[in-house]
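Visitor: This is the content of model18.pdb (PDB, C-alpha atoms and all ligand atoms):
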```
MODEL        1
ATOM      1  CA  MET R   1     -36.334 -35.426 -21.220
ATOM      2  CA  PRO R   2     -37.195 -32.503 -23.545
ATOM      3  CA  ILE R   3     -34.359 -30.239 -24.687
ATOM      4  CA  SER R   4     -34.295 -26.506 -23.987
ATOM      5  CA  SER R   5     -35.377 -23.895 -26.502
ATOM      6  CA  ALA R   6     -31.766 -22.644 -26.555
ATOM      7  CA  VAL R   7     -30.525 -25.804 -28.288
ATOM      8  CA  GLN R   8     -33.761 -26.750 -30.069
ATOM      9  CA  ARG R   9     -32.894 -24.600 -33.083
ATOM     10  CA  TYR R  10     -29.670 -26.517 -33.775
ATOM     11  CA  ASP R  11     -29.497 -29.719 -35.804
ATOM     12  CA  GLN R  12     -26.210 -30.848 -34.319
ATOM     13  CA  LEU R  13     -23.738 -30.084 -31.540
ATOM     14  CA  ILE R  14     -19.961 -30.405 -31.269
ATOM     15  CA  LEU R  15     -19.003 -30.947 -27.634
ATOM     16  CA  ASP R  16     -15.630 -30.347 -26.005
ATOM     17  CA  LEU R  17     -14.762 -33.141 -23.565
ATOM     18  CA  ASP R  18     -12.574 -31.909 -20.701
ATOM     19  CA  GLY R  19     -14.365 -29.229 -18.666
ATOM     20  CA  CYS R  20     -17.606 -29.785 -20.592
ATOM     21  CA  VAL R  21     -18.503 -33.513 -20.420
ATOM     22  CA  TRP R  22     -15.997 -34.547 -17.738
ATOM     23  CA  VAL R  23     -13.220 -33.250 -15.521
ATOM     24  CA  GLY R  24     -10.412 -35.760 -15.202
ATOM     25  CA  ASP R  25     -12.122 -39.139 -14.857
ATOM     26  CA  GLU R  26     -15.376 -37.771 -13.398
ATOM     27  CA  PRO R  27     -18.391 -36.964 -15.579
ATOM     28  CA  LEU R  28     -19.868 -33.528 -14.825
ATOM     29  CA  PRO R  29     -23.293 -33.656 -13.122
ATOM     30  CA  GLY R  30     -26.102 -34.071 -15.660
ATOM     31  CA  ALA R  31     -23.772 -34.258 -18.682
ATOM     32  CA  VAL R  32     -24.699 -37.836 -19.580
ATOM     33  CA  ASP R  33     -28.445 -37.086 -19.277
ATOM     34  CA  ALA R  34     -27.994 -33.988 -21.442
ATOM     35  CA  ILE R  35     -26.258 -35.910 -24.224
ATOM     36  CA  GLU R  36     -28.872 -38.680 -24.124
ATOM     37  CA  ALA R  37     -31.627 -36.060 -24.341
ATOM     38  CA  LEU R  38     -29.953 -34.497 -27.393
ATOM     39  CA  ARG R  39     -29.750 -37.870 -29.114
ATOM     40  CA  ASP R  40     -33.349 -38.721 -28.187
ATOM     41  CA  ALA R  41     -34.367 -35.419 -29.782
ATOM     42  CA  GLY R  42     -32.621 -36.465 -32.993
ATOM     43  CA  ARG R  43     -29.697 -34.064 -32.703
ATOM     44  CA  GLY R  44     -26.305 -35.102 -34.060
ATOM     45  CA  VAL R  45     -23.547 -35.106 -31.429
ATOM     46  CA  ALA R  46     -19.783 -35.173 -32.011
ATOM     47  CA  PHE R  47     -16.994 -34.865 -29.453
ATOM     48  CA  ALA R  48     -13.934 -32.739 -30.270
ATOM     49  CA  THR R  49     -10.777 -32.579 -28.191
ATOM     50  CA  ASN R  50      -7.274 -31.145 -28.605
ATOM     51  CA  ASP R  51      -5.957 -34.163 -26.730
ATOM     52  CA  SER R  52      -3.838 -36.148 -29.179
ATOM     53  CA  ARG R  53      -1.822 -37.989 -26.539
ATOM     54  CA  HIS R  54      -4.643 -40.504 -26.227
ATOM     55  CA  ALA R  55      -5.974 -42.454 -29.188
ATOM     56  CA  VAL R  56      -9.565 -41.974 -30.362
ATOM     57  CA  GLU R  57     -10.269 -45.469 -28.991
ATOM     58  CA  ASP R  58      -9.247 -44.338 -25.486
ATOM     59  CA  HIS R  59     -11.781 -41.500 -25.571
ATOM     60  CA  VAL R  60     -14.485 -43.863 -26.872
ATOM     61  CA  ARG R  61     -13.726 -46.261 -24.009
ATOM     62  CA  LYS R  62     -13.924 -43.407 -21.491
ATOM     63  CA  LEU R  63     -17.295 -42.283 -22.903
ATOM     64  CA  TRP R  64     -18.655 -45.826 -22.443
ATOM     65  CA  SER R  65     -17.205 -45.892 -18.902
ATOM     66  CA  ILE R  66     -19.317 -42.877 -17.885
ATOM     67  CA  GLY R  67     -22.419 -44.459 -19.419
ATOM     68  CA  LEU R  68     -22.506 -43.045 -22.961
ATOM     69  CA  GLN R  69     -22.606 -45.128 -26.116
ATOM     70  CA  ALA R  70     -20.033 -43.860 -28.586
ATOM     71  CA  SER R  71     -18.174 -45.011 -31.673
ATOM     72  CA  ILE R  72     -14.858 -44.015 -33.227
ATOM     73  CA  ALA R  73     -16.677 -41.791 -35.722
ATOM     74  CA  ASP R  74     -18.175 -39.747 -32.851
ATOM     75  CA  VAL R  75     -14.803 -38.555 -31.517
ATOM     76  CA  VAL R  76     -12.492 -36.074 -33.241
ATOM     77  CA  THR R  77      -9.043 -35.645 -31.692
ATOM     78  CA  ALA R  78      -6.369 -33.328 -33.062
ATOM     79  CA  GLY R  79      -4.740 -36.494 -34.452
ATOM     80  CA  ALA R  80      -7.933 -37.425 -36.324
ATOM     81  CA  ALA R  81      -8.213 -33.864 -37.635
ATOM     82  CA  MET R  82      -4.582 -34.083 -38.794
ATOM     83  CA  GLN R  83      -5.437 -37.303 -40.668
ATOM     84  CA  HIS R  84      -8.410 -35.613 -42.335
ATOM     85  CA  LEU R  85      -6.317 -32.564 -43.347
ATOM     86  CA  LEU R  86      -3.458 -34.714 -44.715
ATOM     87  CA  ALA R  87      -5.824 -37.018 -46.638
ATOM     88  CA  GLU R  88      -7.548 -34.017 -48.237
ATOM     89  CA  THR R  89      -4.527 -31.847 -49.001
ATOM     90  CA  ARG R  90      -1.401 -34.016 -49.017
ATOM     91  CA  PRO R  91      -2.238 -37.625 -49.925
ATOM     92  CA  GLY R  92       0.785 -39.772 -50.773
ATOM     93  CA  ARG R  93       3.300 -37.240 -49.417
ATOM     94  CA  THR R  94       6.298 -38.252 -47.317
ATOM     95  CA  VAL R  95       6.116 -37.208 -43.655
ATOM     96  CA  PHE R  96       8.455 -36.991 -40.680
ATOM     97  CA  VAL R  97       6.439 -37.384 -37.461
ATOM     98  CA  ILE R  98       7.219 -36.201 -33.938
ATOM     99  CA  GLY R  99       4.552 -37.824 -31.777
ATOM    100  CA  GLY R 100       3.240 -40.998 -30.215
ATOM    101  CA  ASP R 101       2.005 -44.253 -31.792
ATOM    102  CA  SER R 102      -1.505 -42.897 -32.312
ATOM    103  CA  LEU R 103      -0.295 -39.873 -34.341
ATOM    104  CA  HIS R 104       1.989 -42.122 -36.434
ATOM    105  CA  ARG R 105      -1.076 -44.279 -37.235
ATOM    106  CA  HIS R 106      -3.197 -41.258 -38.183
ATOM    107  CA  VAL R 107      -0.504 -40.049 -40.615
ATOM    108  CA  ALA R 108      -0.192 -43.495 -42.215
ATOM    109  CA  ASP R 109      -4.002 -43.860 -42.377
ATOM    110  CA  ALA R 110      -4.130 -40.548 -44.282
ATOM    111  CA  GLY R 111      -2.251 -42.273 -47.102
ATOM    112  CA  CYS R 112       1.092 -40.608 -46.357
ATOM    113  CA  ARG R 113       4.460 -42.352 -46.155
ATOM    114  CA  VAL R 114       6.142 -42.032 -42.748
ATOM    115  CA  LEU R 115       9.923 -41.607 -43.144
ATOM    116  CA  ASN R 116      10.885 -41.959 -39.469
ATOM    117  CA  GLY R 117      13.707 -44.443 -39.073
ATOM    118  CA  THR R 118      14.827 -44.161 -42.708
ATOM    119  CA  ASP R 119      17.820 -42.304 -44.198
ATOM    120  CA  LEU R 120      15.373 -39.952 -45.904
ATOM    121  CA  ALA R 121      13.781 -38.602 -42.696
ATOM    122  CA  SER R 122      15.304 -35.122 -43.082
ATOM    123  CA  ARG R 123      13.990 -34.942 -46.673
ATOM    124  CA  ALA R 124      10.320 -35.460 -45.788
ATOM    125  CA  GLU R 125       7.822 -33.260 -47.646
ATOM    126  CA  VAL R 126       5.776 -32.591 -44.495
ATOM    127  CA  VAL R 127       6.669 -32.374 -40.792
ATOM    128  CA  VAL R 128       3.897 -33.409 -38.389
ATOM    129  CA  THR R 129       4.331 -32.472 -34.739
ATOM    130  CA  GLY R 130       2.302 -33.669 -31.776
ATOM    131  CA  HIS R 131       3.046 -34.585 -28.210
ATOM    132  CA  SER R 132       6.004 -36.911 -27.719
ATOM    133  CA  GLU R 133       7.429 -38.213 -24.480
ATOM    134  CA  ARG R 134      10.384 -39.721 -26.341
ATOM    135  CA  LEU R 135      11.616 -36.572 -28.081
ATOM    136  CA  THR R 136      15.291 -36.713 -29.098
ATOM    137  CA  TYR R 137      17.752 -34.273 -30.648
ATOM    138  CA  ASP R 138      17.625 -36.454 -33.790
ATOM    139  CA  ASP R 139      13.892 -35.722 -34.069
ATOM    140  CA  LEU R 140      14.474 -31.972 -33.838
ATOM    141  CA  ARG R 141      17.330 -32.172 -36.361
ATOM    142  CA  ASN R 142      15.312 -34.182 -38.914
ATOM    143  CA  ALA R 143      12.249 -31.964 -38.508
ATOM    144  CA  SER R 144      14.260 -28.739 -38.766
ATOM    145  CA  LEU R 145      16.260 -29.884 -41.812
ATOM    146  CA  ALA R 146      13.086 -31.037 -43.586
ATOM    147  CA  ALA R 147      11.374 -27.704 -42.821
ATOM    148  CA  ARG R 148      14.414 -25.755 -44.078
ATOM    149  CA  ARG R 149      14.167 -27.776 -47.301
ATOM    150  CA  GLY R 150      10.597 -26.607 -47.709
ATOM    151  CA  ALA R 151       8.446 -29.064 -45.755
ATOM    152  CA  ASP R 152       5.319 -27.556 -44.162
ATOM    153  CA  ILE R 153       5.167 -27.925 -40.386
ATOM    154  CA  LEU R 154       1.736 -29.124 -39.211
ATOM    155  CA  ALA R 155       1.128 -29.402 -35.468
ATOM    156  CA  THR R 156      -1.717 -30.816 -33.421
ATOM    157  CA  SER R 157      -1.712 -27.818 -31.063
ATOM    158  CA  ARG R 158       0.284 -24.912 -29.660
ATOM    159  CA  ASP R 159      -0.709 -25.671 -26.062
ATOM    160  CA  ALA R 160       2.335 -24.579 -24.028
ATOM    161  CA  THR R 161       1.653 -26.811 -21.067
ATOM    162  CA  LEU R 162       0.081 -30.107 -20.138
ATOM    163  CA  PRO R 163      -1.632 -30.146 -16.714
ATOM    164  CA  MET R 164      -0.474 -33.211 -14.755
ATOM    165  CA  PRO R 165      -0.927 -34.215 -11.101
ATOM    166  CA  ASP R 166       2.567 -32.947 -10.157
ATOM    167  CA  GLY R 167       2.288 -29.681 -12.088
ATOM    168  CA  LEU R 168       2.488 -28.330 -15.628
ATOM    169  CA  TRP R 169       4.541 -30.420 -18.033
ATOM    170  CA  PRO R 170       5.854 -28.991 -21.324
ATOM    171  CA  GLY R 171       3.048 -29.352 -23.884
ATOM    172  CA  THR R 172       2.983 -29.870 -27.639
ATOM    173  CA  GLY R 173       3.571 -26.132 -28.080
ATOM    174  CA  ALA R 174       6.952 -26.445 -26.354
ATOM    175  CA  ILE R 175       8.007 -29.157 -28.836
ATOM    176  CA  LEU R 176       6.626 -27.186 -31.782
ATOM    177  CA  ALA R 177       8.555 -24.117 -30.573
ATOM    178  CA  ALA R 178      11.807 -26.100 -30.676
ATOM    179  CA  VAL R 179      11.098 -27.150 -34.287
ATOM    180  CA  GLU R 180      10.116 -23.598 -35.267
ATOM    181  CA  VAL R 181      13.164 -22.001 -33.664
ATOM    182  CA  GLY R 182      15.447 -24.653 -35.162
ATOM    183  CA  SER R 183      14.057 -24.221 -38.670
ATOM    184  CA  GLU R 184      13.123 -20.521 -38.587
ATOM    185  CA  ARG R 185       9.755 -21.549 -40.025
ATOM    186  CA  GLU R 186       6.236 -21.247 -38.595
ATOM    187  CA  GLY R 187       3.932 -24.208 -38.054
ATOM    188  CA  GLN R 188       0.253 -24.509 -38.908
ATOM    189  CA  ILE R 189      -2.044 -25.705 -36.115
ATOM    190  CA  VAL R 190      -4.809 -28.268 -36.551
ATOM    191  CA  GLY R 191      -6.281 -28.210 -33.017
ATOM    192  CA  LYS R 192      -8.267 -25.449 -31.330
ATOM    193  CA  PRO R 193      -8.110 -22.382 -31.492
ATOM    194  CA  GLU R 194      -7.766 -23.100 -35.218
ATOM    195  CA  PRO R 195     -10.915 -24.401 -36.950
ATOM    196  CA  GLN R 196      -9.707 -27.712 -38.521
ATOM    197  CA  LEU R 197     -10.948 -29.854 -35.606
ATOM    198  CA  PHE R 198     -14.486 -28.533 -36.198
ATOM    199  CA  TYR R 199     -14.198 -28.902 -39.994
ATOM    200  CA  THR R 200     -13.424 -32.579 -39.398
ATOM    201  CA  ALA R 201     -16.386 -32.894 -37.005
ATOM    202  CA  LEU R 202     -18.654 -31.240 -39.627
ATOM    203  CA  ASP R 203     -17.341 -33.664 -42.244
ATOM    204  CA  ARG R 204     -18.642 -36.469 -39.994
ATOM    205  CA  LEU R 205     -21.922 -34.807 -38.921
ATOM    206  CA  GLY R 206     -22.934 -33.403 -42.302
ATOM    207  CA  GLU R 207     -24.793 -30.193 -43.113
ATOM    208  CA  GLY R 208     -26.972 -28.490 -40.522
ATOM    209  CA  ARG R 209     -27.172 -25.700 -37.978
ATOM    210  CA  THR R 210     -24.320 -26.424 -35.606
ATOM    211  CA  LEU R 211     -23.562 -25.350 -32.036
ATOM    212  CA  VAL R 212     -20.123 -25.766 -30.453
ATOM    213  CA  VAL R 213     -20.089 -26.237 -26.656
ATOM    214  CA  GLY R 214     -16.889 -25.801 -24.654
ATOM    215  CA  ASP R 215     -15.354 -24.347 -21.505
ATOM    216  CA  ARG R 216     -12.645 -22.082 -22.913
ATOM    217  CA  LEU R 217     -12.843 -18.737 -24.693
ATOM    218  CA  ASP R 218      -9.335 -18.939 -26.144
ATOM    219  CA  SER R 219      -9.819 -22.395 -27.644
ATOM    220  CA  ASP R 220     -13.449 -23.583 -28.059
ATOM    221  CA  VAL R 221     -15.119 -20.215 -28.641
ATOM    222  CA  ALA R 222     -12.199 -18.889 -30.728
ATOM    223  CA  ALA R 223     -12.165 -21.966 -32.989
ATOM    224  CA  ALA R 224     -15.955 -21.844 -33.367
ATOM    225  CA  ALA R 225     -15.737 -18.197 -34.458
ATOM    226  CA  LYS R 226     -13.047 -19.034 -37.043
ATOM    227  CA  ALA R 227     -15.191 -21.895 -38.359
ATOM    228  CA  GLY R 228     -18.224 -19.574 -38.557
ATOM    229  CA  LEU R 229     -20.177 -21.573 -35.960
ATOM    230  CA  ASP R 230     -22.280 -20.488 -32.976
ATOM    231  CA  SER R 231     -20.858 -21.376 -29.578
ATOM    232  CA  ALA R 232     -22.052 -21.918 -26.022
ATOM    233  CA  LEU R 233     -19.568 -21.358 -23.216
ATOM    234  CA  VAL R 234     -20.100 -23.558 -20.147
ATOM    235  CA  LEU R 235     -18.657 -22.576 -16.765
ATOM    236  CA  THR R 236     -17.633 -26.061 -15.595
ATOM    237  CA  GLY R 237     -14.007 -25.736 -16.701
ATOM    238  CA  GLY R 238     -11.491 -23.018 -17.441
ATOM    239  CA  THR R 239     -13.714 -19.898 -17.491
ATOM    240  CA  ASN R 240     -15.787 -18.174 -14.790
ATOM    241  CA  ARG R 241     -18.947 -16.111 -15.331
ATOM    242  CA  GLU R 242     -17.160 -12.767 -14.983
ATOM    243  CA  GLN R 243     -14.660 -13.656 -17.717
ATOM    244  CA  ALA R 244     -17.418 -15.121 -19.889
ATOM    245  CA  GLU R 245     -19.595 -12.020 -19.667
ATOM    246  CA  ALA R 246     -16.640  -9.672 -20.278
ATOM    247  CA  ALA R 247     -15.588 -11.547 -23.432
ATOM    248  CA  LYS R 248     -15.733  -9.453 -26.607
ATOM    249  CA  ASP R 249     -13.580 -11.036 -29.273
ATOM    250  CA  PRO R 250     -14.368 -13.855 -29.523
ATOM    251  CA  ARG R 251     -17.750 -13.695 -27.831
ATOM    252  CA  PRO R 252     -19.809 -16.827 -27.210
ATOM    253  CA  THR R 253     -23.328 -16.928 -28.658
ATOM    254  CA  MET R 254     -24.578 -17.979 -25.212
ATOM    255  CA  ILE R 255     -23.326 -18.737 -21.711
ATOM    256  CA  ALA R 256     -24.582 -21.561 -19.454
ATOM    257  CA  ALA R 257     -23.577 -22.830 -16.029
ATOM    258  CA  SER R 258     -23.118 -26.334 -17.422
ATOM    259  CA  LEU R 259     -23.923 -28.618 -20.353
ATOM    260  CA  ALA R 260     -26.884 -29.922 -18.336
ATOM    261  CA  GLU R 261     -28.271 -26.424 -17.832
ATOM    262  CA  LEU R 262     -27.750 -25.533 -21.478
ATOM    263  CA  VAL R 263     -29.524 -28.627 -22.813
ATOM    264  CA  LEU R 264     -32.093 -29.418 -20.115
ATOM    265  CA  GLY R 265     -32.724 -25.935 -18.733
ATOM    266  CA  ASN R 266     -32.981 -25.069 -15.059
ATOM    267  CA  GLY R 267     -36.189 -26.875 -14.379
TER     268      GLY R 267
HETATM  269 MG    MG J   1     -12.153 -28.087 -22.429
ENDMDL
END
```
Re-express the file's structure as structure tokens.

Guide:
Amino acid sequence: MPISSAVQRYDQLILDLDGCVWVGDEPLPGAVDAIEALRDAGRGVAFATNDSRHAVEDHVRKLWSIGLQASIADVVTAGAAMQHLLAETRPGRTVFVIGGDSLHRHVADAGCRVLNGTDLASRAEVVVTGHSERLTYDDLRNASLAARRGADILATSRDATLPMPDGLWPGTGAILAAVEVGSEREGQIVGKPEPQLFYTALDRLGEGRTLVVGDRLDSDVAAAAKAGLDSALVLTGGTNREQAEAAKDPRPTMIAASLAELVLGNG
């Protein structure tokens, strides 16, 4: 299938997953065809998601399950972006981590030393915060003490809530807020709406004209603007056409009903 003139002028695309490629476990209509058409046309495709609760491997498996070939290098989570940032700016540093197994692995893979479980935890040089379902007061105490001693606080996101079948659970932002209040310090965010996730995707894709596609103004479009990238807002997730057309700052470069319409056109 040929790709539309709207995307023809880009060398590569960074695609949001939830609300753009799939919703929950269901692929959005035409999304798989659109991505295959982009690849057939020689366009680079990377997937970028704020979700750091699931490992990169889980997202790769889910992409295969909807019929798309994908490798670990194709998927950038906030955890992977954290690894990239740490490896580039803080290699060899000591880190106290609040987060799941996957985030612990990303920090170690960045070449940092994880101090969790040691007597030195509260003296870590960096505090890394993600989503944790096993958060304890000890974690908050170690993170806060380390931050008061000068450690930078790096967090995967500031998302206040986590949508679950029985309602909104406290998100990573709620945990980060506890660390920030306890230490009277402010954290730096790696996930959208900050640009690091896209910097990591660009590091994988290489140079070229790049289009970001996502369903949210306050995360995808905002992060694209901060990274200096064009963006396409799709209406298959968190934003309706009225909101999309009223958007001023940030404003998407283009608006499309869906990824399929953007890439394959209406015909
Ligand atoms: Mg989304």

Visitor: Could you list, as a PyMOL selection string, every residue within 10 Å of range 152-162 of chain R, counting only C-alpha atoms and ignoring same-chain residues fewer than 4 positions away?

Guide: chain R and resi 50-53+77-82+85-86+95-99+103+124-131+143-144+146-148+167-177+179-180+183+185-194+196-197+219

Visitor: Would you output that residue set with C-alpha atoms, as a JSON list (two decimals), in the coordinates of the input?

Guide:
```json
[["chain", "number", "residue", "atom", "x", "y", "z"],
["R", 50, "ASN", "CA", -7.27, -31.14, -28.60],
["R", 51, "ASP", "CA", -5.96, -34.16, -26.73],
["R", 52, "SER", "CA", -3.84, -36.15, -29.18],
["R", 53, "ARG", "CA", -1.82, -37.99, -26.54],
["R", 77, "THR", "CA", -9.04, -35.65, -31.69],
["R", 78, "ALA", "CA", -6.37, -33.33, -33.06],
["R", 79, "GLY", "CA", -4.74, -36.49, -34.45],
["R", 80, "ALA", "CA", -7.93, -37.42, -36.32],
["R", 81, "ALA", "CA", -8.21, -33.86, -37.64],
["R", 82, "MET", "CA", -4.58, -34.08, -38.79],
["R", 85, "LEU", "CA", -6.32, -32.56, -43.35],
["R", 86, "LEU", "CA", -3.46, -34.71, -44.72],
["R", 95, "VAL", "CA", 6.12, -37.21, -43.66],
["R", 96, "PHE", "CA", 8.46, -36.99, -40.68],
["R", 97, "VAL", "CA", 6.44, -37.38, -37.46],
["R", 98, "ILE", "CA", 7.22, -36.20, -33.94],
["R", 99, "GLY", "CA", 4.55, -37.82, -31.78],
["R", 103, "LEU", "CA", -0.30, -39.87, -34.34],
["R", 124, "ALA", "CA", 10.32, -35.46, -45.79],
["R", 125, "GLU", "CA", 7.82, -33.26, -47.65],
["R", 126, "VAL", "CA", 5.78, -32.59, -44.50],
["R", 127, "VAL", "CA", 6.67, -32.37, -40.79],
["R", 128, "VAL", "CA", 3.90, -33.41, -38.39],
["R", 129, "THR", "CA", 4.33, -32.47, -34.74],
["R", 130, "GLY", "CA", 2.30, -33.67, -31.78],
["R", 131, "HIS", "CA", 3.05, -34.58, -28.21],
["R", 143, "ALA", "CA", 12.25, -31.96, -38.51],
["R", 144, "SER", "CA", 14.26, -28.74, -38.77],
["R", 146, "ALA", "CA", 13.09, -31.04, -43.59],
["R", 147, "ALA", "CA", 11.37, -27.70, -42.82],
["R", 148, "ARG", "CA", 14.41, -25.76, -44.08],
["R", 167, "GLY", "CA", 2.29, -29.68, -12.09],
["R", 168, "LEU", "CA", 2.49, -28.33, -15.63],
["R", 169, "TRP", "CA", 4.54, -30.42, -18.03],
["R", 170, "PRO", "CA", 5.85, -28.99, -21.32],
["R", 171, "GLY", "CA", 3.05, -29.35, -23.88],
["R", 172, "THR", "CA", 2.98, -29.87, -27.64],
["R", 173, "GLY", "CA", 3.57, -26.13, -28.08],
["R", 174, "ALA", "CA", 6.95, -26.44, -26.35],
["R", 175, "ILE", "CA", 8.01, -29.16, -28.84],
["R", 176, "LEU", "CA", 6.63, -27.19, -31.78],
["R", 177, "ALA", "CA", 8.56, -24.12, -30.57],
["R", 179, "VAL", "CA", 11.10, -27.15, -34.29],
["R", 180, "GLU", "CA", 10.12, -23.60, -35.27],
["R", 183, "SER", "CA", 14.06, -24.22, -38.67],
["R", 185, "ARG", "CA", 9.76, -21.55, -40.02],
["R", 186, "GLU", "CA", 6.24, -21.25, -38.60],
["R", 187, "GLY", "CA", 3.93, -24.21, -38.05],
["R", 188, "GLN", "CA", 0.25, -24.51, -38.91],
["R", 189, "ILE", "CA", -2.04, -25.70, -36.12],
["R", 190, "VAL", "CA", -4.81, -28.27, -36.55],
["R", 191, "GLY", "CA", -6.28, -28.21, -33.02],
["R", 192, "LYS", "CA", -8.27, -25.45, -31.33],
["R", 193, "PRO", "CA", -8.11, -22.38, -31.49],
["R", 194, "GLU", "CA", -7.77, -23.10, -35.22],
["R", 196, "GLN", "CA", -9.71, -27.71, -38.52],
["R", 197, "LEU", "CA", -10.95, -29.85, -35.61],
["R", 219, "SER", "CA", -9.82, -22.40, -27.64]]
```

Visitor: Mind running chain R against ligand MG 1 (chain J) at 10 Å and telling me each contacting residue's nearest atom pair with the distance in Å (one decimal), counting all atoms listed in the file, chain and number ascending, as a Markdown table?

Guide:
```
| residue | atom | partner | partner_atom | distance |
| --- | --- | --- | --- | --- |
| R:Leu15 | CA | J:MG1 | MG | 9.1 |
| R:Asp16 | CA | J:MG1 | MG | 5.5 |
| R:Leu17 | CA | J:MG1 | MG | 5.8 |
| R:Asp18 | CA | J:MG1 | MG | 4.2 |
| R:Gly19 | CA | J:MG1 | MG | 4.5 |
| R:Cys20 | CA | J:MG1 | MG | 6.0 |
| R:Val21 | CA | J:MG1 | MG | 8.6 |
| R:Trp22 | CA | J:MG1 | MG | 8.9 |
| R:Val23 | CA | J:MG1 | MG | 8.7 |
| R:Ala48 | CA | J:MG1 | MG | 9.3 |
| R:Thr49 | CA | J:MG1 | MG | 7.4 |
| R:Asn50 | CA | J:MG1 | MG | 8.4 |
| R:Asp51 | CA | J:MG1 | MG | 9.7 |
| R:Val213 | CA | J:MG1 | MG | 9.2 |
| R:Gly214 | CA | J:MG1 | MG | 5.7 |
| R:Asp215 | CA | J:MG1 | MG | 5.0 |
| R:Arg216 | CA | J:MG1 | MG | 6.0 |
| R:Leu217 | CA | J:MG1 | MG | 9.6 |
| R:Ser219 | CA | J:MG1 | MG | 8.1 |
| R:Asp220 | CA | J:MG1 | MG | 7.3 |
| R:Val234 | CA | J:MG1 | MG | 9.4 |
| R:Thr236 | CA | J:MG1 | MG | 9.0 |
| R:Gly237 | CA | J:MG1 | MG | 6.5 |
| R:Gly238 | CA | J:MG1 | MG | 7.1 |
| R:Thr239 | CA | J:MG1 | MG | 9.7 |
```

Visitor: Quote the spacing between CA of Leu235 in chain R and CA of Ala257 in chain R in Å to one decimal place.

Guide: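 For CA of Leu235 in chain R relative to CA of Ala257 in chain R, the distance reads 5.0 Å.
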
Visitor: Mind pulling up the distance from CA of Tyr137 in chain R to CA of His106 in chain R?

Guide: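 Calculated distance between CA of His106 in chain R and CA of Tyr137 in chain R is 23.3 Å.
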
Visitor: Taking (4.4, -39.0, -46.7) in the file's own coordinates, collect the residues within 6 Å, counting only C-alpha atoms, and hand them back as a PyMOL selection string.

Guide: chain R and resi 92-95+112-114

Visitor: What would the file look like if the residues just selected were written as a PDB file, in the coordinates of the input with C-alpha atoms?

Guide:
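The file below, result_31.pdb, is the result:
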```
ATOM      1  CA  GLY R  92       0.785 -39.772 -50.773  1.00  0.00           C
ATOM      2  CA  ARG R  93       3.300 -37.240 -49.417  1.00  0.00           C
ATOM      3  CA  THR R  94       6.298 -38.252 -47.317  1.00  0.00           C
ATOM      4  CA  VAL R  95       6.116 -37.208 -43.655  1.00  0.00           C
ATOM      5  CA  CYS R 112       1.092 -40.608 -46.357  1.00  0.00           C
ATOM      6  CA  ARG R 113       4.460 -42.352 -46.155  1.00  0.00           C
ATOM      7  CA  VAL R 114       6.142 -42.032 -42.748  1.00  0.00           C
TER       8      VAL R 114
END
```

Visitor: Might you spell out which residues the PyMOL selection byres (((chain R and resi 6) around 10) and not hetatm) would select in the displayed file, as a list in words?

Guide: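 Listing what the PyMOL selection byres (((chain R and resi 6) around 10) and not hetatm) selects in the shown file: Ile3, Ser4, Ser5, Val7, Gln8, Arg9, Tyr10, Ala232, Met254, Leu262, Val263, Leu264 and Gly265 of chain R.
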
Visitor: Give me the residues within 8 Å of Ala224 in chain R as a list in words, counting only C-alpha atoms and dropping any in the same chain fewer than 4 places off.

Guide: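 The contact residues come out as Pro195, Phe198, Val212, Asp220, Gly228, Leu229, Asp230 and Ser231 of chain R.
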
Visitor: For CA of Ser71 in chain R and CA of Leu259 in chain R, determine how far apart the two atoms are, in Å to one decimal place.

Guide: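 One can read the CA of Ser71 in chain R to CA of Leu259 in chain R distance as 20.7 Å.
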
Visitor: Please list as a PyMOL selection string every residue within 7 Å of Gly208 in chain R, counting all atoms listed in the file and excluding residues in the same chain fewer than 2 positions away.

Guide: chain R and resi 11-12+206+210

Visitor: Using the file's own x, y and z axes, so that the box edges lie along x, y and z, what centre and edge lengths in Å (one decimal) does a box around every listed atom of range 87-90 of chain R get when 5 Å is added on each side? Give it as JSON.

Guide:
```
{"center_x": -4.5, "center_y": -34.4, "center_z": -47.8, "size_x": 16.1, "size_y": 15.2, "size_z": 12.4}
```

Visitor: Given all atoms listed in the file as the basis, pick out the residue of R:Ala41, R:Ala73, R:His54, R:Pro29 nearest to Gly100 in chain R.

Guide: R:His54
